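Chemist: Have a look at this one before I ask anything.
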Amino acid sequence: MGGLAHYLEEDGLATTQISLIRLHSEKTRPPRALWVPFELGRPLGPPNDAAFQRRVLMATLGLFAAKSGPVLEDYAEDAAKATEDEMEGWVCPINLSPPALESNGAAPDAGVISEMKSLWPWYDMALEKHGRNNLGASGLALEGARSVVLSFSTGEPEEASVPGVSRGEGLRLAVDDIKAFYVDAATAQPGNASGSDVQDWFWRETAFARLLHDMRRKLMASSDEELALIGEWFLVPSSHLLEESYYR
Amino acid sequence: MARLQDIDALMREELIELECPKFGSDPWVDAPKLAESRVAVISTAGLQRRGDRPFDLGAADYRVILGETAAEDLVMSHISTNFDRAGYQQDMNVCFPIDRLNELAEEGVIGSVAKYHYSFMGATAPEDMEAPARQLAGLLKADNVNAVMLIPV
């Protein structure tokens with residue numbers, strides 16, 4: 001981000017920016033930057049809080065008043081964290097029990113299909129609540145994206161899974177679409193869940209996350225370099241890699 | 001949580017060790033008064049319009065996002081798994097604050113909002129984005145933009 005600011009300013013455009021990693025802004029020295037303490041992924045702060053977002057926006061635009069730079073300021077206001085009372089009400093949208101399915105001898109993909117079926121009403125509620133869905137990275141319908149992902153899991157990958165992109169990228173985009181379905185469903189719940197609350201739910205409690213951990217291990221051993229790379233770095237977040245033993 | 005101590009150990013180490021480009025100068029352009037500014041957003045969230053080509057590994061190119069693009073037509077195809085998407089999925093203004101900017105323009109706080117906005121994918125090395133960024137400078141000026149807001153994810 002700091003690099004973009006340098007290039008644009010050198011070419012005659014005034015820039016201001018939000019900084020998420022202060023250390024990087026200290027190193028790259030963009031002309032104007034406002035460091036914010038929010039979760040990665042939320043540079044303007046919490047969703048559906050227009051007043052908060054406006055304050056962050058105004059503070060960032062306010063740096064345009066500086067007469068010289070570089071300017072790196074800290075934004076003092078933190079995003080409110082959910083209270084214990086609020087979080088008590090935030091549970092996974094439905095009591096998923098994939099281990100029970102698997103212990104009955106069902107294949108992991110059957111667990112995912114069953115799990116997604118149980119989440120569908122919450123996903124529909126999310127569409128109503130948010131006015132949009134967040135699928136579309138792969139360009140596939142949800143069932144098509146799921147079919148691509150499960151085909152890799154069962155060891156018989158579908159060829160040319162997503163038109164115009166490589167097999168590995170197609171898999172990654174299809175995985176992202178399925179994740180978006182789960183997150184949409186989870187955020188339809190009342191409560192003030194943070195990003196990490198949703199992440200913890202997804203990675204610790206869903207059959208799909210278990211399937212992704214298994215797939216990661218398989219892909220890392222693949223002779224296809226791109227698939228091995230995607231498997232190692234772009235399926236499971238680093239925050240949950242260390243918990244991998246949880247799924248075994 | 002963008003405090004380093006709040007980030008998981010694996011990613012924290014990567015962020016601390018990440019080599020940042022060094023620039024030989026501190027460029028500076030005096031900004032217009034806010035009420036006279038025409039503001040464009042450049043995001044590095046890997047945003048695209050639904051149906052556009054998704055960002056892929058190492059992508060240094062950008063996607064164009066029209067100011068009037070509806071929320072349901074915006075898609076995120078960033079390759080990284082290491083940031084929250086739940087906030088954005090509920091409200092795009094979390095990383096693409098177009099509604100907030102339009103409100104500020106309607107109130108006269110800023111002059112106007114650009115017609116064209118842009119998104120890169122921030123996982124790519126900044127040096128690789130230099131040529132497209134310099135191309136964007138011309139495009140932004142053609143849209144009469146005089147104030148650019150850069151927003152990471």
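In the structure tokens, chains take letters A, B, ... by order of appearance, with residues numbered from 1 within each chain and ligands from 1 in the order shown.
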Name all residues at most 10 Å from Asn93 in chain B (count only C-alpha atoms; drop same-chain ones fewer than 6 positions away) and give them as a compact mmCIF listing (two decimals) with N, CA and C atoms, in the first residue's frame.

Modeler:
# COMPACT_ATOMS: atom_id res chain seq x y z
N ARG A 42 -10.70 -5.35 8.27
CA ARG A 42 -11.70 -4.35 8.64
C ARG A 42 -11.05 -2.96 8.76
N PRO A 43 -10.49 -2.44 7.68
CA PRO A 43 -9.76 -1.17 7.79
C PRO A 43 -10.61 0.01 8.26
N LEU A 44 -11.91 -0.04 7.98
CA LEU A 44 -12.78 1.05 8.42
C LEU A 44 -13.47 0.73 9.74
N GLY A 45 -13.18 -0.43 10.32
CA GLY A 45 -13.80 -0.78 11.59
C GLY A 45 -14.96 -1.75 11.42
N PRO A 46 -15.92 -1.72 12.36
CA PRO A 46 -16.97 -2.73 12.36
C PRO A 46 -17.99 -2.57 11.23
N PRO A 47 -18.59 -3.66 10.80
CA PRO A 47 -19.63 -3.57 9.78
C PRO A 47 -20.91 -2.95 10.35
N ASN A 48 -21.66 -2.33 9.48
CA ASN A 48 -22.98 -1.79 9.84
C ASN A 48 -22.92 -0.76 10.96
N ASP A 49 -21.83 -0.03 11.02
CA ASP A 49 -21.70 1.06 11.99
C ASP A 49 -21.22 2.29 11.21
N ALA A 50 -22.18 2.94 10.56
CA ALA A 50 -21.84 4.05 9.65
C ALA A 50 -21.14 5.19 10.39
N GLN A 53 -17.49 4.21 10.97
CA GLN A 53 -16.76 4.23 9.69
C GLN A 53 -16.51 5.67 9.24
N ARG A 54 -17.49 6.52 9.44
CA ARG A 54 -17.35 7.92 9.04
C ARG A 54 -16.23 8.61 9.83
N ALA B 71 -23.60 -3.22 -4.17
CA ALA B 71 -22.91 -4.14 -3.26
C ALA B 71 -23.02 -5.58 -3.74
N GLY B 87 -16.59 -9.30 8.21
CA GLY B 87 -16.99 -7.89 8.27
C GLY B 87 -17.41 -7.40 6.89
N ASP B 99 -20.35 4.15 0.28
CA ASP B 99 -21.56 4.81 0.81
C ASP B 99 -21.20 5.99 1.69
N ARG B 100 -20.15 5.80 2.51
CA ARG B 100 -19.74 6.89 3.40
C ARG B 100 -19.22 8.08 2.57
N LEU B 101 -18.46 7.81 1.52
CA LEU B 101 -17.94 8.90 0.69
C LEU B 101 -19.08 9.64 -0.01

Chemist: So that I can see what lies close to Ile21 in chain A, please list as a compact mmCIF listing (two decimals) with C-alpha atoms, in the first residue's frame the residues with an atom at most 8 Å from it, counting only C-alpha atoms and leaving out residues fewer than 5 positions away in the same chain.

Modeler:
# COMPACT_ATOMS: atom_id res chain seq x y z
CA TRP A 35 -2.68 3.54 11.56
CA ALA B 2 -3.95 -5.10 13.65
CA ARG B 3 -1.62 -4.71 16.59
CA LEU B 4 1.19 -7.17 15.93

Chemist: May I have the residues within 9 Å of Val198 in chain A as an mmCIF file with C-alpha atoms, in the first residue's frame, using only C-alpha atoms and disregarding those fewer than 5 positions away in the same chain?

Modeler:
data_model
loop_
_atom_site.group_PDB
_atom_site.id
_atom_site.type_symbol
_atom_site.label_atom_id
_atom_site.label_comp_id
_atom_site.auth_asym_id
_atom_site.auth_seq_id
_atom_site.Cartn_x
_atom_site.Cartn_y
_atom_site.Cartn_z
ATOM 1 C CA CYS A 92 -22.863 -21.517 15.631
ATOM 2 C CA VAL A 183 -19.603 -17.087 6.764
ATOM 3 C CA ALA A 186 -22.913 -17.570 10.417
ATOM 4 C CA THR A 187 -23.278 -13.790 10.273
ATOM 5 C CA ALA A 193 -19.435 -11.704 16.573
ATOM 6 C CA TRP A 203 -12.291 -23.877 11.665
ATOM 7 C CA ASP B 84 -11.285 -11.431 8.275
ATOM 8 C CA ALA B 86 -16.976 -11.677 7.800
#

Chemist: Using only C-alpha atoms, find the one residue out of B:Lys141, B:Arg12, B:Arg50, B:Lys33 that sits nearest to Ile65 in chain B.

Modeler: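 Smallest distance to Ile65 in chain B is found for B:Arg50.
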
Chemist: Do me a favour and pick out the residues of chain B within 7 Å of chain A, using only C-alpha atoms, as a PDB file with N, CA and C atoms, in the first residue's frame.

Modeler:
ATOM      1  N   MET B   1      -7.180  -5.405  16.230  1.00  0.00           N
ATOM      2  CA  MET B   1      -6.342  -6.599  16.174  1.00  0.00           C
ATOM      3  C   MET B   1      -5.198  -6.449  15.188  1.00  0.00           C
ATOM      4  N   ALA B   2      -5.113  -5.281  14.523  1.00  0.00           N
ATOM      5  CA  ALA B   2      -3.952  -5.103  13.653  1.00  0.00           C
ATOM      6  C   ALA B   2      -2.736  -4.666  14.466  1.00  0.00           C
ATOM      7  N   ARG B   3      -2.825  -4.828  15.783  1.00  0.00           N
ATOM      8  CA  ARG B   3      -1.615  -4.714  16.585  1.00  0.00           C
ATOM      9  C   ARG B   3      -0.866  -6.026  16.411  1.00  0.00           C
ATOM     10  N   ASP B   8      -1.685 -13.908  15.056  1.00  0.00           N
ATOM     11  CA  ASP B   8      -1.135 -15.222  15.373  1.00  0.00           C
ATOM     12  C   ASP B   8       0.367 -15.287  15.077  1.00  0.00           C
ATOM     13  N   LEU B  10       2.506 -17.303  13.606  1.00  0.00           N
ATOM     14  CA  LEU B  10       3.059 -17.580  12.277  1.00  0.00           C
ATOM     15  C   LEU B  10       3.013 -16.341  11.397  1.00  0.00           C
ATOM     16  N   MET B  11       1.869 -15.693  11.407  1.00  0.00           N
ATOM     17  CA  MET B  11       1.720 -14.528  10.542  1.00  0.00           C
ATOM     18  C   MET B  11       2.513 -13.345  11.079  1.00  0.00           C
ATOM     19  N   CYS B  20      10.308  -4.777   3.071  1.00  0.00           N
ATOM     20  CA  CYS B  20       9.552  -3.682   2.462  1.00  0.00           C
ATOM     21  C   CYS B  20      10.469  -2.910   1.519  1.00  0.00           C
ATOM     22  N   PRO B  21       9.925  -2.457   0.399  1.00  0.00           N
ATOM     23  CA  PRO B  21      10.773  -1.685  -0.520  1.00  0.00           C
ATOM     24  C   PRO B  21      11.202  -0.373   0.121  1.00  0.00           C
ATOM     25  N   LYS B  22      12.402   0.059  -0.225  1.00  0.00           N
ATOM     26  CA  LYS B  22      12.877   1.355   0.264  1.00  0.00           C
ATOM     27  C   LYS B  22      12.793   2.359  -0.882  1.00  0.00           C
ATOM     28  N   PHE B  23      12.301   3.532  -0.569  1.00  0.00           N
ATOM     29  CA  PHE B  23      12.178   4.569  -1.585  1.00  0.00           C
ATOM     30  C   PHE B  23      13.180   5.672  -1.271  1.00  0.00           C
ATOM     31  N   ASP B  26      10.822  11.261  -0.325  1.00  0.00           N
ATOM     32  CA  ASP B  26       9.496  11.382   0.298  1.00  0.00           C
ATOM     33  C   ASP B  26       8.644  12.301  -0.579  1.00  0.00           C
ATOM     34  N   PRO B  27       7.998  11.745  -1.588  1.00  0.00           N
ATOM     35  CA  PRO B  27       7.225  12.613  -2.492  1.00  0.00           C
ATOM     36  C   PRO B  27       6.071  13.286  -1.755  1.00  0.00           C
ATOM     37  N   TRP B  28       5.714  14.448  -2.210  1.00  0.00           N
ATOM     38  CA  TRP B  28       4.644  15.211  -1.523  1.00  0.00           C
ATOM     39  C   TRP B  28       3.922  16.095  -2.531  1.00  0.00           C
ATOM     40  N   VAL B  29       2.624  15.961  -2.554  1.00  0.00           N
ATOM     41  CA  VAL B  29       1.783  16.849  -3.371  1.00  0.00           C
ATOM     42  C   VAL B  29       0.813  17.538  -2.424  1.00  0.00           C
ATOM     43  N   ASP B  30       0.769  18.861  -2.460  1.00  0.00           N
ATOM     44  CA  ASP B  30      -0.195  19.570  -1.604  1.00  0.00           C
ATOM     45  C   ASP B  30      -1.614  19.154  -1.999  1.00  0.00           C
ATOM     46  N   ALA B  31      -2.415  18.855  -0.994  1.00  0.00           N
ATOM     47  CA  ALA B  31      -3.781  18.396  -1.261  1.00  0.00           C
ATOM     48  C   ALA B  31      -4.727  19.584  -1.389  1.00  0.00           C
ATOM     49  N   ARG B  50     -18.608  -8.588 -10.125  1.00  0.00           N
ATOM     50  CA  ARG B  50     -19.043  -9.958 -10.407  1.00  0.00           C
ATOM     51  C   ARG B  50     -18.914 -10.227 -11.905  1.00  0.00           C
ATOM     52  N   GLY B  51     -18.257 -11.287 -12.239  1.00  0.00           N
ATOM     53  CA  GLY B  51     -18.067 -11.626 -13.652  1.00  0.00           C
ATOM     54  C   GLY B  51     -16.708 -11.204 -14.183  1.00  0.00           C
ATOM     55  N   PRO B  54     -11.062 -13.162 -11.872  1.00  0.00           N
ATOM     56  CA  PRO B  54     -10.583 -13.148 -10.478  1.00  0.00           C
ATOM     57  C   PRO B  54      -9.083 -12.888 -10.420  1.00  0.00           C
ATOM     58  N   ASP B  56      -5.369 -13.767  -9.400  1.00  0.00           N
ATOM     59  CA  ASP B  56      -4.684 -15.044  -9.183  1.00  0.00           C
ATOM     60  C   ASP B  56      -3.348 -14.793  -8.489  1.00  0.00           C
ATOM     61  N   ALA B  71     -23.595  -3.216  -4.171  1.00  0.00           N
ATOM     62  CA  ALA B  71     -22.911  -4.141  -3.258  1.00  0.00           C
ATOM     63  C   ALA B  71     -23.015  -5.585  -3.740  1.00  0.00           C
ATOM     64  N   GLU B  72     -24.172  -5.943  -4.296  1.00  0.00           N
ATOM     65  CA  GLU B  72     -24.346  -7.345  -4.703  1.00  0.00           C
ATOM     66  C   GLU B  72     -23.528  -7.689  -5.941  1.00  0.00           C
ATOM     67  N   VAL B  75     -17.341  -8.539  -5.666  1.00  0.00           N
ATOM     68  CA  VAL B  75     -16.855  -9.854  -5.263  1.00  0.00           C
ATOM     69  C   VAL B  75     -15.406  -9.707  -4.809  1.00  0.00           C
ATOM     70  N   MET B  76     -15.017 -10.485  -3.810  1.00  0.00           N
ATOM     71  CA  MET B  76     -13.638 -10.458  -3.331  1.00  0.00           C
ATOM     72  C   MET B  76     -12.943 -11.750  -3.761  1.00  0.00           C
ATOM     73  N   SER B  77     -11.825 -11.627  -4.481  1.00  0.00           N
ATOM     74  CA  SER B  77     -11.118 -12.853  -4.899  1.00  0.00           C
ATOM     75  C   SER B  77      -9.661 -12.819  -4.449  1.00  0.00           C
ATOM     76  N   ILE B  79      -6.291 -13.711  -2.684  1.00  0.00           N
ATOM     77  CA  ILE B  79      -5.800 -15.074  -2.485  1.00  0.00           C
ATOM     78  C   ILE B  79      -5.511 -15.400  -1.012  1.00  0.00           C
ATOM     79  N   SER B  80      -5.288 -14.382  -0.189  1.00  0.00           N
ATOM     80  CA  SER B  80      -4.892 -14.645   1.208  1.00  0.00           C
ATOM     81  C   SER B  80      -6.058 -15.158   2.045  1.00  0.00           C
ATOM     82  N   THR B  81      -5.742 -16.083   2.946  1.00  0.00           N
ATOM     83  CA  THR B  81      -6.748 -16.558   3.904  1.00  0.00           C
ATOM     84  C   THR B  81      -6.592 -15.843   5.242  1.00  0.00           C
ATOM     85  N   ASN B  82      -5.609 -14.946   5.345  1.00  0.00           N
ATOM     86  CA  ASN B  82      -5.211 -14.455   6.658  1.00  0.00           C
ATOM     87  C   ASN B  82      -5.780 -13.092   7.054  1.00  0.00           C
ATOM     88  N   PHE B  83      -7.001 -12.820   6.650  1.00  0.00           N
ATOM     89  CA  PHE B  83      -7.685 -11.640   7.178  1.00  0.00           C
ATOM     90  C   PHE B  83      -9.178 -11.947   7.245  1.00  0.00           C
ATOM     91  N   ASP B  84      -9.857 -11.205   8.079  1.00  0.00           N
ATOM     92  CA  ASP B  84     -11.285 -11.431   8.275  1.00  0.00           C
ATOM     93  C   ASP B  84     -12.091 -11.017   7.043  1.00  0.00           C
ATOM     94  N   ARG B  85     -13.017 -11.856   6.652  1.00  0.00           N
ATOM     95  CA  ARG B  85     -13.921 -11.491   5.553  1.00  0.00           C
ATOM     96  C   ARG B  85     -15.356 -11.321   6.051  1.00  0.00           C
ATOM     97  N   ALA B  86     -15.601 -11.731   7.288  1.00  0.00           N
ATOM     98  CA  ALA B  86     -16.976 -11.677   7.800  1.00  0.00           C
ATOM     99  C   ALA B  86     -17.479 -10.239   7.871  1.00  0.00           C
ATOM    100  N   GLY B  87     -16.585  -9.299   8.207  1.00  0.00           N
ATOM    101  CA  GLY B  87     -16.994  -7.894   8.266  1.00  0.00           C
ATOM    102  C   GLY B  87     -17.415  -7.396   6.892  1.00  0.00           C
ATOM    103  N   TYR B  88     -16.566  -7.631   5.909  1.00  0.00           N
ATOM    104  CA  TYR B  88     -16.871  -7.211   4.537  1.00  0.00           C
ATOM    105  C   TYR B  88     -18.133  -7.885   4.019  1.00  0.00           C
ATOM    106  N   GLN B  89     -18.299  -9.150   4.372  1.00  0.00           N
ATOM    107  CA  GLN B  89     -19.462  -9.865   3.846  1.00  0.00           C
ATOM    108  C   GLN B  89     -20.780  -9.276   4.365  1.00  0.00           C
ATOM    109  N   GLN B  90     -20.717  -8.633   5.516  1.00  0.00           N
ATOM    110  CA  GLN B  90     -21.927  -8.002   6.042  1.00  0.00           C
ATOM    111  C   GLN B  90     -22.097  -6.574   5.543  1.00  0.00           C
ATOM    112  N   ASP B  91     -20.978  -5.923   5.191  1.00  0.00           N
ATOM    113  CA  ASP B  91     -21.034  -4.498   4.859  1.00  0.00           C
ATOM    114  C   ASP B  91     -19.767  -4.141   4.088  1.00  0.00           C
ATOM    115  N   VAL B  94     -16.797  -1.670   5.043  1.00  0.00           N
ATOM    116  CA  VAL B  94     -15.693  -2.024   5.928  1.00  0.00           C
ATOM    117  C   VAL B  94     -14.344  -1.886   5.209  1.00  0.00           C
ATOM    118  N   CYS B  95     -14.334  -2.157   3.904  1.00  0.00           N
ATOM    119  CA  CYS B  95     -13.077  -1.961   3.170  1.00  0.00           C
ATOM    120  C   CYS B  95     -13.256  -1.181   1.856  1.00  0.00           C
ATOM    121  N   ARG B 100     -20.153   5.803   2.506  1.00  0.00           N
ATOM    122  CA  ARG B 100     -19.735   6.888   3.403  1.00  0.00           C
ATOM    123  C   ARG B 100     -19.221   8.079   2.573  1.00  0.00           C
ATOM    124  N   PRO B 126       4.952  -4.776  -3.867  1.00  0.00           N
ATOM    125  CA  PRO B 126       4.644  -3.412  -4.326  1.00  0.00           C
ATOM    126  C   PRO B 126       5.376  -3.037  -5.618  1.00  0.00           C
ATOM    127  N   GLU B 130       4.183  -1.148  -9.695  1.00  0.00           N
ATOM    128  CA  GLU B 130       4.579   0.217 -10.075  1.00  0.00           C
ATOM    129  C   GLU B 130       4.012   0.621 -11.437  1.00  0.00           C
ATOM    130  N   ALA B 133       0.333   1.129 -11.365  1.00  0.00           N
ATOM    131  CA  ALA B 133      -0.003   2.288 -10.517  1.00  0.00           C
ATOM    132  C   ALA B 133       0.241   3.592 -11.271  1.00  0.00           C
ATOM    133  N   ARG B 134       1.339   3.641 -12.003  1.00  0.00           N
ATOM    134  CA  ARG B 134       1.630   4.876 -12.757  1.00  0.00           C
ATOM    135  C   ARG B 134       0.624   5.050 -13.899  1.00  0.00           C
ATOM    136  N   ALA B 137      -2.380   6.634 -12.397  1.00  0.00           N
ATOM    137  CA  ALA B 137      -2.268   8.071 -12.116  1.00  0.00           C
ATOM    138  C   ALA B 137      -2.890   8.867 -13.267  1.00  0.00           C
ATOM    139  N   ASN B 146      -8.388  14.517  -7.584  1.00  0.00           N
ATOM    140  CA  ASN B 146      -7.242  15.237  -7.012  1.00  0.00           C
ATOM    141  C   ASN B 146      -6.927  14.781  -5.583  1.00  0.00           C
ATOM    142  N   ALA B 147      -7.594  13.726  -5.120  1.00  0.00           N
ATOM    143  CA  ALA B 147      -7.333  13.194  -3.769  1.00  0.00           C
ATOM    144  C   ALA B 147      -7.607  11.687  -3.801  1.00  0.00           C
ATOM    145  N   VAL B 148      -6.590  10.912  -3.478  1.00  0.00           N
ATOM    146  CA  VAL B 148      -6.731   9.450  -3.565  1.00  0.00           C
ATOM    147  C   VAL B 148      -6.657   8.856  -2.172  1.00  0.00           C
ATOM    148  N   MET B 149      -7.610   7.969  -1.893  1.00  0.00           N
ATOM    149  CA  MET B 149      -7.627   7.308  -0.593  1.00  0.00           C
ATOM    150  C   MET B 149      -7.255   5.841  -0.800  1.00  0.00           C
ATOM    151  N   LEU B 150      -6.161   5.432  -0.179  1.00  0.00           N
ATOM    152  CA  LEU B 150      -5.665   4.064  -0.339  1.00  0.00           C
ATOM    153  C   LEU B 150      -6.087   3.243   0.880  1.00  0.00           C
ATOM    154  N   ILE B 151      -6.704   2.099   0.610  1.00  0.00           N
ATOM    155  CA  ILE B 151      -7.243   1.313   1.723  1.00  0.00           C
ATOM    156  C   ILE B 151      -6.769  -0.139   1.613  1.00  0.00           C
ATOM    157  N   PRO B 152      -5.987  -0.589   2.572  1.00  0.00           N
ATOM    158  CA  PRO B 152      -5.517  -1.984   2.571  1.00  0.00           C
ATOM    159  C   PRO B 152      -6.597  -2.895   3.156  1.00  0.00           C
ATOM    160  N   VAL B 153      -6.271  -4.163   3.284  1.00  0.00           N
ATOM    161  CA  VAL B 153      -7.247  -5.071   3.882  1.00  0.00           C
ATOM    162  C   VAL B 153      -6.557  -5.953   4.915  1.00  0.00           C
TER     163      VAL B 153
END
